[in-house]
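Novice: So that we are looking at the same thing, I have put the structure below in structure tokens.
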Amino acid sequence: MQYGKKRLANKPAHQDVLAVFQFVWKDLNVPQAEIARETGLDQGSVSKILRGSFRNLEGRAYRLWKYAKSRADSAGYKAGKSSGGKTDPRLVEKINRVWDRTDEGAEALLKLLDAADMIQKRRISTAVRRKDSSTRVVTRPRRAAGD
């Protein structure tokens, strides 16, 4: 083993590493430039590694994997399970980032989400009322023949 290189006890399979990379890059919409900045790698290397151009999970690939694994874990990523389009992983990541794992913190977040839900419902009902008032047709009574 070369000095400075990490060796993983349970080395993940190449396809599992790529799945984590794809989750962070595509599902979380993390730009390559941000990944490069956070890992200290140049953007070209990040691009190649994200596309699977690495032999071993060492050096730059390992550094990128550590970063991607951390982001994926905080977003609730589970290996082998796709979100199925039902949840937005960015939302899960944000919630996990701000929630302090206490009951009080959960209650506070739920109150914030309830407030956001009320605001959205008000906006929708206001928009519907505006649409209804703008599409009303005013009709005049018809005159009788000979008036």
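By order of appearance in the structure tokens: chains A, B, ..., then residues from 1 within every chain, and ligands from 1 in the order shown.
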Looking only at the backbone, which of the residues in region 19-138 of chain A does DSSP tag as helix (DSSP H, G or I), as an MDAnalysis selection string?
Specialist: chainID A and resid 19:27 32:39 43:50 59:74 89:98 103:134
Novice: Write out, as a tab-separated table, each residue of region 41-125 of chain A that has an atom at most 10 Å from region 31-35 of chain A, together with the closest pair of atoms and their distance in Å to one decimal, counting only C-alpha atoms, rows going by chain and rising number.
Specialist:
residue	atom	partner	partner_atom	distance
A:Leu41	CA	A:Ile35	CA	8.1
A:Asp42	CA	A:Ala33	CA	8.3
A:Gln43	CA	A:Ala33	CA	5.9
A:Gly44	CA	A:Gln32	CA	8.9
A:Ser45	CA	A:Gln32	CA	9.8
A:Val46	CA	A:Gln32	CA	6.6
A:Ser47	CA	A:Gln32	CA	6.8
A:Leu50	CA	A:Gln32	CA	8.8
A:Leu64	CA	A:Ile35	CA	7.8
A:Tyr67	CA	A:Ile35	CA	8.0
A:Ala68	CA	A:Ile35	CA	8.4
Novice: Output C-alpha atoms for every residue in the selection just made, as an mmCIF file, in the first residue's frame.
Specialist:
data_model
loop_
_atom_site.group_PDB
_atom_site.id
_atom_site.type_symbol
_atom_site.label_atom_id
_atom_site.label_comp_id
_atom_site.auth_asym_id
_atom_site.auth_seq_id
_atom_site.Cartn_x
_atom_site.Cartn_y
_atom_site.Cartn_z
ATOM 1 C CA LEU A 41 -10.330 18.377 -7.330
ATOM 2 C CA ASP A 42 -10.343 20.026 -10.729
ATOM 3 C CA GLN A 43 -13.639 19.897 -12.631
ATOM 4 C CA GLY A 44 -12.189 17.743 -15.426
ATOM 5 C CA SER A 45 -11.178 15.031 -12.969
ATOM 6 C CA VAL A 46 -14.603 15.190 -11.330
ATOM 7 C CA SER A 47 -16.268 14.752 -14.721
ATOM 8 C CA LEU A 50 -18.452 10.693 -12.228
ATOM 9 C CA LEU A 64 -14.897 12.109 -4.472
ATOM 10 C CA TYR A 67 -17.842 13.458 -0.431
ATOM 11 C CA ALA A 68 -20.621 11.849 -2.501
#
Novice: Go ahead and compute the interatomic distance for CA of Leu28 (chain A) and CA of Pro89 (chain A), in Å to one decimal.
Specialist: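 About the pair CA of Leu28 (chain A) and CA of Pro89 (chain A): they are 6.0 Å apart.
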Novice: Name all residues at most 9 Å from Ala61 (chain A) (count only C-alpha atoms; drop same-chain ones fewer than 4 positions away) and give them as a list of chain:residue names.
Specialist: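 Near neighbours after the sequence-gap exclusion: A:Ser45, A:Val46, A:Ile49, A:Leu50, A:Phe54, A:Arg55, A:Asn56, A:Leu57, A:Trp65, A:Lys66.
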